[in-house]
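Have a look at target-v5.cif; it's mmCIF, C-alpha atoms:
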data_query
#
loop_
_atom_site.label_atom_id
_atom_site.label_comp_id
_atom_site.auth_asym_id
_atom_site.auth_seq_id
_atom_site.Cartn_x
_atom_site.Cartn_y
_atom_site.Cartn_z
CA MET A 1 -136.40 17.28 -95.30
CA LYS A 2 -136.12 13.51 -94.78
CA VAL A 3 -133.73 11.26 -96.70
CA LYS A 4 -134.07 7.48 -96.58
CA VAL A 5 -130.55 6.03 -96.69
CA VAL A 6 -130.92 2.45 -95.31
CA GLN A 7 -127.17 2.17 -94.94
CA ALA A 8 -125.93 -1.05 -93.35
CA ILE A 9 -123.56 -0.12 -90.56
CA LEU A 10 -121.28 -3.13 -90.39
CA GLN A 11 -120.82 -3.38 -94.14
CA GLY A 12 -117.07 -2.74 -94.01
CA ASN A 13 -116.16 -6.09 -92.43
CA ASP A 14 -118.68 -8.01 -94.54
CA ASN A 15 -117.34 -6.52 -97.78
CA ILE A 16 -113.81 -7.68 -96.98
CA ALA A 17 -115.07 -11.07 -95.79
CA ASN A 18 -116.93 -11.63 -99.06
CA GLN A 19 -113.81 -10.75 -101.05
CA LEU A 20 -111.85 -13.26 -98.98
CA ARG A 21 -114.56 -15.87 -99.49
CA ASP A 22 -114.35 -15.39 -103.28
CA GLU A 23 -110.57 -15.69 -103.23
CA PHE A 24 -110.68 -18.86 -101.13
CA ARG A 25 -113.28 -20.31 -103.49
CA ARG A 26 -111.22 -19.53 -106.60
CA LYS A 27 -108.08 -21.00 -105.07
CA GLY A 28 -109.83 -24.05 -103.60
CA ILE A 29 -108.77 -23.30 -100.01
CA PHE A 30 -111.04 -24.59 -97.24
CA VAL A 31 -111.17 -22.32 -94.20
CA PHE A 32 -112.54 -22.94 -90.74
CA ASN A 33 -112.86 -20.44 -87.89
CA LEU A 34 -112.22 -22.05 -84.49
CA ILE A 35 -114.16 -20.37 -81.69
CA SER A 36 -114.37 -21.08 -77.97
CA SER A 37 -113.99 -19.64 -74.49
CA PRO A 38 -110.42 -19.19 -73.23
CA GLY A 39 -109.01 -22.55 -72.12
CA ALA A 40 -111.55 -24.76 -73.90
CA GLY A 41 -108.80 -26.40 -75.97
CA LYS A 42 -108.37 -24.59 -79.31
CA THR A 43 -104.58 -24.60 -79.28
CA THR A 44 -104.26 -28.17 -77.97
CA LEU A 45 -106.68 -29.27 -80.71
CA LEU A 46 -104.60 -27.59 -83.40
CA GLU A 47 -101.33 -28.98 -82.04
CA ASN A 48 -102.63 -32.55 -82.42
CA PHE A 49 -104.78 -31.95 -85.52
CA GLY A 50 -101.67 -30.45 -87.10
CA LYS A 51 -99.68 -33.63 -86.46
CA LEU A 52 -102.45 -35.78 -87.99
CA ILE A 53 -102.65 -33.82 -91.26
CA VAL A 54 -98.90 -33.52 -91.93
CA GLY A 55 -98.30 -35.09 -95.33
CA LYS A 56 -102.05 -35.23 -96.08
CA LEU A 57 -102.96 -31.54 -96.33
CA LYS A 58 -101.01 -28.34 -96.90
CA ALA A 59 -102.28 -26.09 -94.13
CA GLY A 60 -101.69 -22.68 -92.63
CA VAL A 61 -102.90 -21.41 -89.27
CA ILE A 62 -103.71 -17.84 -88.21
CA VAL A 63 -103.85 -17.48 -84.42
CA GLY A 64 -105.50 -14.50 -82.74
CA ASP A 65 -104.73 -13.48 -79.16
CA ILE A 66 -104.95 -10.16 -77.39
CA GLU A 67 -101.26 -10.47 -76.52
CA ASP A 68 -98.38 -12.95 -76.56
CA SER A 69 -97.24 -15.52 -79.09
CA VAL A 70 -97.19 -18.71 -77.04
CA ASP A 71 -100.13 -20.29 -78.93
CA GLY A 72 -98.57 -19.59 -82.31
CA GLU A 73 -95.30 -21.14 -81.16
CA ARG A 74 -97.05 -24.27 -79.84
CA ILE A 75 -98.95 -24.89 -83.06
CA SER A 76 -95.97 -24.26 -85.34
CA LYS A 77 -94.14 -27.13 -83.57
CA SER A 78 -96.63 -29.50 -85.21
CA GLY A 79 -95.04 -28.56 -88.55
CA ILE A 80 -97.70 -26.19 -89.85
CA LYS A 81 -96.87 -22.61 -90.87
CA THR A 82 -98.53 -20.45 -88.23
CA ILE A 83 -99.00 -16.69 -88.14
CA GLN A 84 -99.69 -15.09 -84.74
CA LEU A 85 -101.86 -11.96 -84.65
CA ASN A 86 -102.04 -9.78 -81.53
CA THR A 87 -105.17 -7.68 -81.40
CA LYS A 88 -103.91 -5.42 -78.59
CA GLY A 89 -107.31 -5.32 -76.92
CA ALA A 90 -109.83 -6.32 -79.59
CA CYS A 91 -111.83 -9.31 -78.38
CA HIS A 92 -112.24 -10.93 -81.80
CA LEU A 93 -110.56 -11.16 -85.18
CA ASP A 94 -112.07 -9.28 -88.11
CA ALA A 95 -111.83 -9.72 -91.87
CA GLY A 96 -109.31 -6.91 -92.28
CA MET A 97 -106.89 -8.63 -89.90
CA ILE A 98 -107.23 -11.90 -91.84
CA ARG A 99 -106.62 -10.14 -95.16
CA ASN A 100 -103.39 -8.67 -93.81
CA ALA A 101 -102.26 -12.01 -92.35
CA LEU A 102 -102.76 -13.78 -95.71
CA ASP A 103 -99.80 -11.78 -97.13
CA GLU A 104 -97.56 -14.08 -95.06
CA PHE A 105 -98.71 -17.21 -96.93
CA ASP A 106 -98.22 -18.49 -100.46
CA LEU A 107 -101.91 -19.22 -101.04
CA SER A 108 -101.16 -21.23 -104.17
CA GLN A 109 -99.56 -23.82 -101.85
CA LEU A 110 -102.44 -24.19 -99.39
CA ASP A 111 -105.41 -26.57 -99.15
CA LEU A 112 -106.58 -25.47 -95.71
CA ILE A 113 -106.46 -22.38 -93.52
CA VAL A 114 -107.45 -22.64 -89.87
CA ILE A 115 -108.19 -19.46 -87.95
CA GLU A 116 -107.87 -19.81 -84.18
CA ASN A 117 -109.98 -16.92 -82.97
CA VAL A 118 -109.48 -14.98 -79.74
CA GLY A 119 -110.78 -16.93 -76.73
CA ASN A 120 -114.31 -15.56 -76.41
CA LEU A 121 -117.69 -17.26 -76.75
CA VAL A 122 -119.58 -14.06 -77.62
CA CYS A 123 -118.03 -11.72 -80.19
CA PRO A 124 -116.10 -13.85 -82.72
CA SER A 125 -119.28 -15.34 -84.19
CA ASP A 126 -120.49 -11.83 -85.12
CA PHE A 127 -117.55 -11.15 -87.46
CA ASP A 128 -117.48 -12.91 -90.81
CA LEU A 129 -113.91 -13.82 -91.78
CA GLY A 130 -114.76 -15.35 -95.16
CA GLU A 131 -114.64 -18.85 -93.67
CA ASP A 132 -116.48 -21.98 -94.88
CA MET A 133 -117.23 -23.18 -91.43
CA LYS A 134 -117.41 -22.04 -87.82
CA VAL A 135 -116.15 -24.77 -85.48
CA VAL A 136 -117.10 -24.16 -81.85
CA ILE A 137 -115.40 -25.99 -78.98
CA LEU A 138 -117.38 -26.58 -75.78
CA SER A 139 -115.40 -28.31 -73.05
CA THR A 140 -116.93 -30.48 -70.35
CA THR A 141 -115.36 -28.33 -67.65
CA GLU A 142 -117.38 -25.29 -68.79
CA GLY A 143 -120.79 -26.73 -68.00
CA ASP A 144 -123.58 -28.16 -70.16
CA ASP A 145 -125.65 -24.98 -69.82
CA LYS A 146 -123.42 -22.96 -72.15
CA PRO A 147 -125.22 -23.67 -75.45
CA LYS A 148 -128.43 -22.12 -74.09
CA LYS A 149 -126.55 -19.21 -72.54
CA TYR A 150 -124.55 -18.50 -75.71
CA SER A 151 -127.10 -19.49 -78.34
CA THR A 152 -126.05 -16.70 -80.74
CA THR A 153 -122.69 -18.50 -81.14
CA PHE A 154 -124.08 -22.04 -81.32
CA VAL A 155 -126.73 -21.07 -83.86
CA LYS A 156 -123.97 -20.03 -86.27
CA ALA A 157 -121.79 -23.13 -85.72
CA HIS A 158 -121.38 -25.76 -88.41
CA VAL A 159 -119.47 -28.13 -86.11
CA VAL A 160 -119.36 -28.39 -82.31
CA LEU A 161 -116.51 -30.24 -80.66
CA ILE A 162 -117.37 -31.36 -77.13
CA ASN A 163 -113.86 -31.48 -75.66
CA LYS A 164 -112.25 -32.92 -72.53
CA VAL A 165 -114.60 -35.91 -72.48
CA ASP A 166 -111.86 -37.70 -70.51
CA LEU A 167 -112.69 -35.35 -67.62
CA LEU A 168 -116.40 -36.25 -67.56
CA PRO A 169 -116.10 -38.35 -64.36
CA PHE A 170 -114.93 -35.21 -62.53
CA THR A 171 -117.72 -32.90 -63.73
CA ASN A 172 -121.53 -32.62 -63.70
CA PHE A 173 -121.55 -32.22 -67.47
CA SER A 174 -124.28 -34.22 -69.26
CA ILE A 175 -123.34 -35.00 -72.88
CA GLU A 176 -126.99 -35.87 -73.62
CA LYS A 177 -128.26 -32.53 -72.30
CA ALA A 178 -125.57 -30.54 -74.11
CA LYS A 179 -126.26 -32.32 -77.42
CA LYS A 180 -130.02 -31.92 -77.03
CA ASP A 181 -129.70 -28.19 -76.31
CA ILE A 182 -127.25 -27.66 -79.18
CA LEU A 183 -129.48 -29.49 -81.68
CA ASN A 184 -132.55 -27.55 -80.49
CA ILE A 185 -130.75 -24.31 -81.25
CA ASN A 186 -129.19 -25.62 -84.46
CA PRO A 187 -130.40 -28.96 -85.89
CA THR A 188 -127.86 -28.78 -88.74
CA VAL A 189 -124.75 -28.86 -86.59
CA LYS A 190 -122.34 -31.83 -86.60
CA ILE A 191 -121.09 -32.80 -83.12
CA PHE A 192 -117.88 -34.69 -82.31
CA GLU A 193 -116.84 -35.81 -78.82
CA ILE A 194 -113.09 -35.46 -78.34
CA SER A 195 -110.21 -35.12 -75.96
CA ALA A 196 -107.99 -32.71 -77.86
CA SER A 197 -104.89 -33.89 -75.99
CA LYS A 198 -105.44 -37.47 -77.26
CA GLN A 199 -104.84 -37.79 -81.00
CA GLU A 200 -106.86 -40.99 -81.37
CA THR A 201 -110.08 -39.12 -80.46
CA LEU A 202 -109.50 -36.66 -83.32
CA PHE A 203 -109.62 -39.14 -86.24
CA ASP A 204 -113.33 -38.62 -87.06
CA PHE A 205 -113.08 -34.82 -87.01
CA THR A 206 -109.83 -34.88 -88.99
CA ASN A 207 -111.30 -37.14 -91.68
CA PHE A 208 -114.37 -34.90 -91.83
CA ILE A 209 -112.14 -31.89 -92.51
CA ILE A 210 -110.03 -33.78 -95.07
CA ASP A 211 -113.27 -34.64 -96.94
CA ARG A 212 -114.35 -30.97 -96.88
CA VAL A 213 -110.94 -29.86 -98.15
CA ARG A 214 -111.10 -32.34 -101.06
CA TRP A 215 -114.63 -31.22 -101.94
CA LYS A 216 -113.55 -27.59 -102.02
CA LYS A 217 -110.49 -28.35 -104.16
CA THR A 218 -112.70 -30.24 -106.65
CA ALA A 219 -115.18 -27.36 -106.75
CA ALA A 220 -112.35 -24.93 -107.51
CA THR A 221 -111.33 -26.86 -110.63
CA ARG A 222 -114.52 -25.55 -112.24
CA TYR A 223 -113.00 -22.02 -112.31
CA MET E 1 -121.98 -5.97 -78.70
CA HIS E 2 -119.31 -3.39 -79.59
CA GLU E 3 -121.71 -0.50 -79.42
CA ALA E 4 -118.82 1.96 -79.05
CA SER E 5 -117.19 0.93 -82.34
CA ILE E 6 -120.61 0.79 -84.01
CA ALA E 7 -121.26 4.35 -82.79
CA GLU E 8 -117.90 5.36 -84.26
CA SER E 9 -118.86 3.90 -87.66
CA ILE E 10 -122.20 5.72 -87.58
CA ILE E 11 -120.61 9.06 -86.65
CA LYS E 12 -118.01 8.72 -89.46
CA TYR E 13 -120.79 8.02 -91.95
CA LEU E 14 -122.78 11.07 -90.80
CA ILE E 15 -119.78 13.40 -90.97
CA ASP E 16 -119.02 12.17 -94.52
CA TYR E 17 -122.66 12.45 -95.55
CA GLU E 18 -122.91 16.06 -94.43
CA LYS E 19 -119.79 17.02 -96.39
CA LYS E 20 -120.62 15.06 -99.53
CA HIS E 21 -124.28 16.07 -99.83
CA PHE E 22 -124.13 19.62 -98.37
CA PHE E 23 -126.75 18.46 -95.89
CA LYS E 24 -126.99 19.62 -92.28
CA ILE E 25 -128.32 16.68 -90.32
CA CYS E 26 -130.71 17.32 -87.40
CA SER E 27 -131.83 13.82 -86.58
CA VAL E 28 -130.98 10.23 -87.45
CA THR E 29 -133.23 7.14 -87.36
CA ILE E 30 -131.46 3.84 -86.77
CA GLU E 31 -133.01 0.40 -87.33
CA ILE E 32 -131.98 -2.30 -84.87
CA GLY E 33 -133.07 -5.87 -85.51
CA LYS E 34 -134.09 -8.03 -82.55
CA VAL E 35 -131.26 -10.48 -83.16
CA SER E 36 -128.64 -7.99 -84.35
CA GLY E 37 -126.88 -8.34 -80.98
CA VAL E 38 -126.90 -4.58 -80.44
CA ASN E 39 -128.21 -2.98 -77.26
CA LYS E 40 -130.24 0.13 -78.11
CA GLU E 41 -129.64 1.93 -74.82
CA THR E 42 -125.88 1.39 -74.92
CA LEU E 43 -125.68 2.47 -78.55
CA ASN E 44 -127.77 5.57 -77.81
CA PHE E 45 -125.49 6.46 -74.91
CA CYS E 46 -122.33 6.08 -77.04
CA LEU E 47 -123.81 8.10 -79.91
CA ASN E 48 -124.91 10.94 -77.65
CA GLU E 49 -121.56 11.15 -75.88
CA VAL E 50 -119.56 11.29 -79.12
CA THR E 51 -122.02 13.71 -80.75
CA LYS E 52 -121.67 16.08 -77.77
CA ALA E 53 -117.89 15.76 -77.84
CA ILE E 54 -117.64 16.75 -81.50
CA GLY E 55 -120.08 19.65 -81.09
CA LYS E 56 -122.87 18.33 -83.31
CA GLY E 57 -126.51 18.60 -82.24
CA TRP E 58 -127.71 15.35 -83.84
CA LYS E 59 -130.69 13.57 -82.26
CA PHE E 60 -131.05 9.80 -82.54
CA ASP E 61 -134.27 7.77 -82.83
CA PHE E 62 -134.53 4.01 -83.04
CA ILE E 63 -136.86 1.59 -84.83
CA GLU E 64 -136.73 -1.92 -83.41
CA ARG E 65 -137.44 -4.65 -85.98
CA PRO E 66 -138.82 -8.04 -84.88
CA LEU E 67 -137.32 -11.35 -85.99
CA VAL E 68 -139.24 -12.52 -89.06
CA VAL E 69 -138.35 -15.81 -90.73
CA ARG E 70 -139.61 -17.62 -93.82
CA CYS E 71 -139.53 -21.36 -94.48
CA ASN E 72 -138.62 -22.18 -98.08
CA LYS E 73 -140.27 -25.57 -97.79
CA CYS E 74 -143.78 -24.72 -96.57
CA ASN E 75 -143.68 -20.95 -97.32
CA ALA E 76 -144.68 -20.06 -93.77
CA GLU E 77 -143.53 -16.59 -92.73
CA TYR E 78 -143.79 -15.73 -89.07
CA VAL E 79 -142.39 -13.73 -86.18
CA LEU E 80 -140.18 -15.44 -83.59
CA GLU E 81 -139.13 -14.27 -80.15
CA GLU E 82 -135.75 -15.99 -80.45
CA ILE E 83 -133.71 -17.80 -83.08
CA SER E 84 -134.66 -21.35 -83.86
CA LEU E 85 -133.34 -23.29 -86.80
CA SER E 86 -136.35 -25.54 -87.24
CA CYS E 87 -139.55 -24.35 -88.97
CA VAL E 88 -142.31 -24.26 -86.36
CA ARG E 89 -144.90 -25.32 -88.91
CA CYS E 90 -143.33 -28.15 -90.88
CA GLU E 91 -140.24 -28.80 -88.68
CA ASP E 92 -138.66 -29.98 -91.89
CA SER E 93 -136.37 -27.18 -92.84
CA ILE E 94 -134.39 -24.24 -91.69
CA PRO E 95 -136.22 -20.95 -92.10
CA GLU E 96 -134.25 -17.99 -93.36
CA ILE E 97 -134.18 -14.65 -91.61
CA VAL E 98 -136.26 -12.13 -93.56
CA SER E 99 -135.83 -9.34 -91.05
CA GLY E 100 -134.50 -8.89 -87.51
CA ASP E 101 -130.73 -9.07 -87.92
CA GLN E 102 -130.28 -5.67 -89.46
CA LEU E 103 -128.40 -2.68 -88.12
CA THR E 104 -128.88 0.27 -90.47
CA ILE E 105 -128.89 4.03 -90.61
CA TYR E 106 -132.47 4.19 -91.89
CA GLU E 107 -133.30 7.84 -92.36
CA LEU E 108 -131.76 11.29 -91.96
CA GLU E 109 -133.65 14.51 -91.33
CA GLY E 110 -132.09 17.89 -91.96
CA GLU E 111 -131.62 20.66 -94.53
CA GLU E 112 -129.51 21.26 -97.55
CA PHE E 113 -127.12 24.16 -97.43
CA GLU E 114 -125.08 26.11 -99.96
CA SER E 115 -121.50 24.90 -100.38
#

Here is the file; what I need is its structure written in the form of structure tokens.
Amino acid sequence: MKVKVVQAILQGNDNIANQLRDEFRRKGIFVFNLISSPGAGKTTLLENFGKLIVGKLKAGVIVGDIEDSVDGERISKSGIKTIQLNTKGACHLDAGMIRNALDEFDLSQLDLIVIENVGNLVCPSDFDLGEDMKVVILSTTEGDDKPKKYSTTFVKAHVVLINKVDLLPFTNFSIEKAKKDILNINPTVKIFEISASKQETLFDFTNFIIDRVRWKKTAATRY
Amino acid sequence: MHEASIAESIIKYLIDYEKKHFFKICSVTIEIGKVSGVNKETLNFCLNEVTKAIGKGWKFDFIERPLVVRCNKCNAEYVLEEISLSCVRCEDSIPEIVSGDQLTIYELEGEEFES
């Protein structure tokens, strides 16, 4: 006897992610999921982004690493409450881990949550965390061929930050080629060119996020 | 990606299904979409190894689903070999995925038994 079940296999994570998404929407909290290869600049970005938003936004950061707490410690020095998760081998964060981490925050006091995912350009984009936006960092030292090689991540990105532009003279990276390839894969993506270690290059991205946070807060007042 | 943990989820579902529905499963058909990110051979390997280890005789078959997208602007629906976010016909909008990203336990074959 045959039974048609059509049971989605990865429903567990998506169910939790959708609950998180609803909660963030009700509370007017904007969430972005920061994804990149190891060493592309996620933590440096958040250290300096954190300093730029102090006094403007109430933010919390959730950092995922396989082991160690050095990234969490670095970001918390910018003045933002930071929770460090250690996955003990898992190569990405999942919605269940985020739900547990949220217990450490007073969500009524937050405008923005940033999730720094585990350094990995493959798996994190497959796991919905309830975020509004996936922000992918591509650094000039990684090569301009990465968007084509990792299209499944770039196709899901809302923002791409091309980082370490100050190192362009020392690389073969072509900004034009990288942008063209990214926009071919995903014409909707917004691209910023930055050097995460230099705060002045982060103004445009920071203002973009502040606008998104304000929009989400306004939308929440309808509840 | 993560075929081992996907296999674990499938096996848990099958064990629960047998208990809940008094149904002895012989074979399982799994749908894998072209852009689901799952490798059929790796998943099959993981499923067979775990099935052997727990002493079940389940057989696994796979249906591969192509990537089908539909443009909400020009209503074109077509098959793509790889993801593109620009409609090939009108280039004016982002088509949505109709099929091709799924990963489902599609069908079970077996027999009911007395509790």

**OP:** Determine the residue membership of the PyMOL selection byres ((chain E) within 12 of (chain A)) for the file above and supply it as JSON, numbers by chain.
**Re:** {"E": [1, 2, 3, 5, 6, 7, 8, 9, 10, 11, 12, 13, 14, 17, 21, 23, 24, 25, 26, 27, 28, 29, 30, 31, 32, 33, 34, 35, 36, 37, 38, 82, 83, 84, 85, 86, 87, 88, 91, 92, 93, 94, 95, 101, 102, 103, 104, 105, 106, 107, 108, 109, 110, 111, 112, 113]}

**OP:** Given the file shown, enumerate the residues that the PyMOL selection byres ((chain A and resi 41) around 10) captures and present them as a list in words.
**Re:** Ile35, Ser36, Ser37, Pro38, Gly39, Ala40, Lys42, Thr43, Thr44, Leu45, Leu46, Glu47, Gly119, Ile137, Leu138, Ser139, Leu161, Ile162, Asn163, Lys164, Ser195, Ala196 and Ser197 of chain A

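CA of Val61 in chain A to CA of Phe208 in chain A spans 17.9 Å [interatomic distance, one decimal].
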
**OP:** Could you tell me which residues the PyMOL selection byres ((chain A and resi 129-135) around 9) returns for this structure, as a ChimeraX atom specification?
**Re:** /A:13-14,16-22,24,30-36,93-99,113-115,125,127-128,136-137,156-161

Can you pull out the residues contacting Glu49 in chain E? Cut-off 12 Å, using all atoms listed in the file, and skip same-chain residues under 2 positions away; I want them as a PDB file with C-alpha atoms, in the coordinates of the input.
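Final output, out.pdb:
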ATOM      1  CA  ALA E   4    -118.820   1.960 -79.050  1.00  0.00           C
ATOM      2  CA  ALA E   7    -121.260   4.350 -82.790  1.00  0.00           C
ATOM      3  CA  GLU E   8    -117.900   5.360 -84.260  1.00  0.00           C
ATOM      4  CA  ILE E  11    -120.610   9.060 -86.650  1.00  0.00           C
ATOM      5  CA  THR E  42    -125.880   1.390 -74.920  1.00  0.00           C
ATOM      6  CA  LEU E  43    -125.680   2.470 -78.550  1.00  0.00           C
ATOM      7  CA  ASN E  44    -127.770   5.570 -77.810  1.00  0.00           C
ATOM      8  CA  PHE E  45    -125.490   6.460 -74.910  1.00  0.00           C
ATOM      9  CA  CYS E  46    -122.330   6.080 -77.040  1.00  0.00           C
ATOM     10  CA  LEU E  47    -123.810   8.100 -79.910  1.00  0.00           C
ATOM     11  CA  THR E  51    -122.020  13.710 -80.750  1.00  0.00           C
ATOM     12  CA  LYS E  52    -121.670  16.080 -77.770  1.00  0.00           C
ATOM     13  CA  ALA E  53    -117.890  15.760 -77.840  1.00  0.00           C
ATOM     14  CA  ILE E  54    -117.640  16.750 -81.500  1.00  0.00           C
ATOM     15  CA  GLY E  55    -120.080  19.650 -81.090  1.00  0.00           C
ATOM     16  CA  LYS E  56    -122.870  18.330 -83.310  1.00  0.00           C
ATOM     17  CA  GLY E  57    -126.510  18.600 -82.240  1.00  0.00           C
ATOM     18  CA  TRP E  58    -127.710  15.350 -83.840  1.00  0.00           C
ATOM     19  CA  LYS E  59    -130.690  13.570 -82.260  1.00  0.00           C
ATOM     20  CA  PHE E  60    -131.050   9.800 -82.540  1.00  0.00           C
TER      21      PHE E  60
END

**OP:** Please indicate the distance in Å from CA of Ile194 in chain A to CA of Pro147 in chain A, rounded to one decimal place.
**Re:**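 Straight-line distance from CA of Ile194 in chain A to CA of Pro147 in chain A works out to 17.2 Å.
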
**OP:** Give me, please, the distance in Å between CA of Leu85 in chain A and CA of Phe154 in chain A, quoted to one decimal.
**Re:**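 Computing it gives 24.6 Å between the two atoms.
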
Original post:
If I put a ball of radius 10 Å at (-128.3, -27.2, -73.8) in the file's coordinates, which residues poke into it when counting only C-alpha atoms, written as a list in words?
Top reply: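 Every residue inside that radius is included here: Gly143, Asp144, Asp145, Lys146, Pro147, Lys148, Lys149, Tyr150, Ser151, Ser174, Ile175, Glu176, Lys177, Ala178, Lys179, Lys180, Asp181, Ile182, Leu183, Asn184 and Ile185 of chain A.
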
Subject >> Within 8 Å of range 75-78 of chain E using all atoms listed in the file, minus same-chain residues under 6 positions, as a PyMOL selection string >> reply: chain E and resi 68-69+89

How about saving the chosen residues, C-alpha atoms kept, as a PDB file, in the coordinates of the input?
ATOM      1  CA  VAL E  68    -139.240 -12.520 -89.060  1.00  0.00           C
ATOM      2  CA  VAL E  69    -138.350 -15.810 -90.730  1.00  0.00           C
ATOM      3  CA  ARG E  89    -144.900 -25.320 -88.910  1.00  0.00           C
TER       4      ARG E  89
END

Can I get all heavy atoms for range 73-79 of chain E, as a PDB file, in the first residue's frame?
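Below you can see result.pdb, which holds the result:
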ATOM      1  N   LYS E  73       5.169  39.199 -13.481  1.00  0.00           N
ATOM      2  CA  LYS E  73       4.886  40.335 -14.362  1.00  0.00           C
ATOM      3  C   LYS E  73       4.336  39.869 -15.715  1.00  0.00           C
ATOM      4  O   LYS E  73       3.303  40.311 -16.176  1.00  0.00           O
ATOM      5  CB  LYS E  73       6.163  41.152 -14.571  1.00  0.00           C
ATOM      6  CG  LYS E  73       5.871  42.593 -14.877  1.00  0.00           C
ATOM      7  CD  LYS E  73       6.840  43.542 -14.219  1.00  0.00           C
ATOM      8  CE  LYS E  73       6.260  44.949 -14.303  1.00  0.00           C
ATOM      9  NZ  LYS E  73       7.243  45.979 -14.267  1.00  0.00           N
ATOM     10  N   CYS E  74       5.060  38.941 -16.372  1.00  0.00           N
ATOM     11  CA  CYS E  74       4.637  38.529 -17.712  1.00  0.00           C
ATOM     12  C   CYS E  74       3.998  37.140 -17.721  1.00  0.00           C
ATOM     13  O   CYS E  74       3.640  36.626 -18.786  1.00  0.00           O
ATOM     14  CB  CYS E  74       5.816  38.572 -18.691  1.00  0.00           C
ATOM     15  SG  CYS E  74       7.064  37.302 -18.415  1.00  0.00           S
ATOM     16  N   ASN E  75       3.859  36.530 -16.540  1.00  0.00           N
ATOM     17  CA  ASN E  75       3.230  35.204 -16.388  1.00  0.00           C
ATOM     18  C   ASN E  75       3.982  34.058 -17.049  1.00  0.00           C
ATOM     19  O   ASN E  75       3.428  32.963 -17.179  1.00  0.00           O
ATOM     20  CB  ASN E  75       1.781  35.208 -16.918  1.00  0.00           C
ATOM     21  CG  ASN E  75       0.885  35.955 -15.953  1.00  0.00           C
ATOM     22  OD1 ASN E  75       1.080  35.861 -14.741  1.00  0.00           O
ATOM     23  ND2 ASN E  75      -0.053  36.716 -16.475  1.00  0.00           N
ATOM     24  N   ALA E  76       5.190  34.300 -17.499  1.00  0.00           N
ATOM     25  CA  ALA E  76       5.963  33.199 -18.090  1.00  0.00           C
ATOM     26  C   ALA E  76       6.336  32.212 -16.997  1.00  0.00           C
ATOM     27  O   ALA E  76       6.729  32.600 -15.903  1.00  0.00           O
ATOM     28  CB  ALA E  76       7.224  33.753 -18.739  1.00  0.00           C
ATOM     29  N   GLU E  77       6.194  30.923 -17.334  1.00  0.00           N
ATOM     30  CA  GLU E  77       6.634  29.866 -16.400  1.00  0.00           C
ATOM     31  C   GLU E  77       7.567  28.965 -17.192  1.00  0.00           C
ATOM     32  O   GLU E  77       7.234  28.522 -18.293  1.00  0.00           O
ATOM     33  CB  GLU E  77       5.424  29.073 -15.890  1.00  0.00           C
ATOM     34  CG  GLU E  77       5.797  28.093 -14.794  1.00  0.00           C
ATOM     35  CD  GLU E  77       4.583  27.464 -14.098  1.00  0.00           C
ATOM     36  OE1 GLU E  77       3.729  28.237 -13.594  1.00  0.00           O
ATOM     37  OE2 GLU E  77       4.506  26.234 -14.074  1.00  0.00           O
ATOM     38  N   TYR E  78       8.750  28.743 -16.659  1.00  0.00           N
ATOM     39  CA  TYR E  78       9.729  27.996 -17.449  1.00  0.00           C
ATOM     40  C   TYR E  78      10.728  27.302 -16.542  1.00  0.00           C
ATOM     41  O   TYR E  78      10.857  27.622 -15.355  1.00  0.00           O
ATOM     42  CB  TYR E  78      10.459  28.927 -18.435  1.00  0.00           C
ATOM     43  CG  TYR E  78      10.977  30.209 -17.822  1.00  0.00           C
ATOM     44  CD1 TYR E  78      12.257  30.268 -17.263  1.00  0.00           C
ATOM     45  CD2 TYR E  78      10.187  31.358 -17.787  1.00  0.00           C
ATOM     46  CE1 TYR E  78      12.729  31.435 -16.696  1.00  0.00           C
ATOM     47  CE2 TYR E  78      10.662  32.529 -17.208  1.00  0.00           C
ATOM     48  CZ  TYR E  78      11.925  32.565 -16.672  1.00  0.00           C
ATOM     49  OH  TYR E  78      12.389  33.729 -16.096  1.00  0.00           O
ATOM     50  N   VAL E  79      11.444  26.370 -17.163  1.00  0.00           N
ATOM     51  CA  VAL E  79      12.463  25.588 -16.458  1.00  0.00           C
ATOM     52  C   VAL E  79      13.810  26.277 -16.642  1.00  0.00           C
ATOM     53  O   VAL E  79      14.139  26.750 -17.726  1.00  0.00           O
ATOM     54  CB  VAL E  79      12.543  24.156 -17.044  1.00  0.00           C
ATOM     55  CG1 VAL E  79      13.689  23.370 -16.417  1.00  0.00           C
ATOM     56  CG2 VAL E  79      11.221  23.425 -16.835  1.00  0.00           C
TER      57      VAL E  79
END
